[in-house]
Amino acid sequence: MKKPTIGVLALQGAVREHLQMLERTGARGVALRYPAELHLCSALIIPGGESTTIGKLMIACGFLGEVRELVREGMPVYGTCAGLIMLASRLVDGDQPLLGLMDITARRNAYGRQVDSFEADLRIEGIEDDGRPFRAVFIRAPWIEEVGPAVKVLGEYRGRAVIAREDGMLVSAFHPELTRDDRIHRYFLRMVEGAEGQ
Amino acid sequence: MEEKGTLRVKTGLAEMLKGGVIMDVTTPEQAMIAEEAGAVAVMALERVPADIRAAGGVARMADPGVIEAIMEAVTIPVMAKARIGHFVEAQILEALGVDYIDESEVLTPADEKNHIDKWRFTVPFVCGAINLGEALRRIGEGAAMIRTKGEAGTGNVVEAVRHMRTINAEIARLTVTPRDELMSVAKELGAPYDLVCWVAENGRLPVVNFSAGGIATPADAALMMQLGADGVFVGSGIFKSEDPASRARAIVRAVTHYDDPKVLAEVSRGIGKAMAGMEITEIGPENLIQFRGW
């Protein structure tokens, strides 16, 4: 089977880690710096980074409208941390450029500052379950405050949604790319294959 | 079980800052200009390095009130500097809730032999280095991020280039050194053996490495990125220039598109005068900041 090509938005943030993870799962990952490169990809990952920076650079570099259009046409997208914030339709507080594609409300820096960043074990619905919990790394992380009716919450931590899906859109508040556990990336690749099969 | 302050959580924040610009600021207004321009973090200071250099005397941790006002003003991470070896300044900064501590040669060192034992802290640390041995000693002490030192407050990129090229060359050499010679190399570098082995195997530092000290233009920032920096610190270069907001925005774009001369040409245009800058030989060896740290 042909390897799917997954673009990783490479304006700022943890791009290398997602590319390494994609390579390990057998997909082809490419770093995207120009909107035209989106058309070479069958799916997109928006990595962790500083969401205000990524939002401003998406506008300055002409990504915002292009990504919106492609995702609305069905391109699968996975956002981690800052990527979750970018995909959200609403923020609890603060204003910054958003893609506004997913029917969720995000709370930025929900757990506090860096000294409150943590790792913890989660149970996640839909990923390969071999009895292992998922070791999730939360760094100045957001959480999902509210979800619309079409959004499926796949995992919670202390009563807050931290990973969710709506059609071809997947978001997590934590960073699987900082671990060696590739089950969430594999789950996303199955979403990509499903979208291609349609 | 929930765990805070793990190495993965500490180095993880540095990974998230990659491809970004960290800007020195002294007031909440400057912090907001930096955030608006797209900075990934700010360094809260009482004086930028150029002014510290001009003022002389002992440079210490900033007033907690200054740091707190800056933390209130922005949502991006806020870093602050502690003196080399001054673990109580670091304890205070951790209690304030800063997101990263820079154990910095820009301030007057408090200990002429020992750096802070950074493993004892939940907050992560970034430390300066002018060569691989120094970088690995700091990582051995628990630093979760490295920055090459350059020569702070000069607006002259030459030392930043020297330090980045030095570290790159030393890493390249390690990757072709036979394994049975690595202990001897570790001795020569004054670096922990297990970290020397890690670098030899992976061909890079085990933590993110930014460039600092003398970056004043978008071209300087792109130069450091092309030389392999993961991102840049800009100290005096922004708020000592004629038009800080435009220059800050331009440097952010230059770091993202560091390998695209067309974008670099576009963003370098019409951003006002850069800071004046100093020739390194005029400073005098006894006034160089980069040799603080051991």
# chains A, B, ... in the order shown; residues from 1 in each chain; ligands from 1
$ interface_residues --of "chain A" --to "chain B" --cutoff "6 Å" --atoms "only C-alpha atoms" --output "PyMOL selection string"
chain A and resi 11-14+48-50+53+114-115+117-120
$ residues_around --residues "Ser241 in chain B" --least-positions-apart "6" --cutoff "9 Å" --atoms "only C-alpha atoms" --output "PyMOL selection string"
chain B and resi 216+247+272-276
$ write_last_selection --atoms "N, CA and C atoms" --output "mmCIF file, in the first residue's frame"
data_model
loop_
_atom_site.group_PDB
_atom_site.id
_atom_site.type_symbol
_atom_site.label_atom_id
_atom_site.label_comp_id
_atom_site.auth_asym_id
_atom_site.auth_seq_id
_atom_site.Cartn_x
_atom_site.Cartn_y
_atom_site.Cartn_z
ATOM 1 N N ALA B 216 21.058 41.090 16.222
ATOM 2 C CA ALA B 216 20.463 42.425 16.117
ATOM 3 C C ALA B 216 19.578 42.601 14.890
ATOM 4 N N ARG B 247 10.910 45.518 14.146
ATOM 5 C CA ARG B 247 12.091 44.645 14.165
ATOM 6 C C ARG B 247 11.747 43.290 14.794
ATOM 7 N N GLY B 272 13.674 50.306 10.332
ATOM 8 C CA GLY B 272 14.410 51.276 11.149
ATOM 9 C C GLY B 272 15.838 50.839 11.410
ATOM 10 N N LYS B 273 16.548 51.677 12.172
ATOM 11 C CA LYS B 273 17.964 51.396 12.444
ATOM 12 C C LYS B 273 18.114 50.309 13.514
ATOM 13 N N ALA B 274 19.103 49.442 13.314
ATOM 14 C CA ALA B 274 19.457 48.452 14.333
ATOM 15 C C ALA B 274 20.207 49.151 15.464
ATOM 16 N N MET B 275 20.365 48.468 16.595
ATOM 17 C CA MET B 275 21.198 49.032 17.665
ATOM 18 C C MET B 275 22.612 49.259 17.128
ATOM 19 N N ALA B 276 23.332 50.192 17.747
ATOM 20 C CA ALA B 276 24.629 50.587 17.187
ATOM 21 C C ALA B 276 25.617 49.428 17.144
#
$ residues_around --residues "range 50-53 of chain B" --least-positions-apart "6" --cutoff "12 Å" --atoms "only C-alpha atoms" --output "number ranges by chain"
B: 24, 26, 59-62, 105-108, 151-156, 213-214, 216, 234-241, 275-278, 283, 287-289
$ residues_around --residues "Asp194 in chain B" --least-positions-apart "4" --cutoff "12 Å" --atoms "only C-alpha atoms" --output "NGL selection string"
:B and (136-137 or 139-140 or 179 or 182-183 or 185-187 or 198-201 or 206)
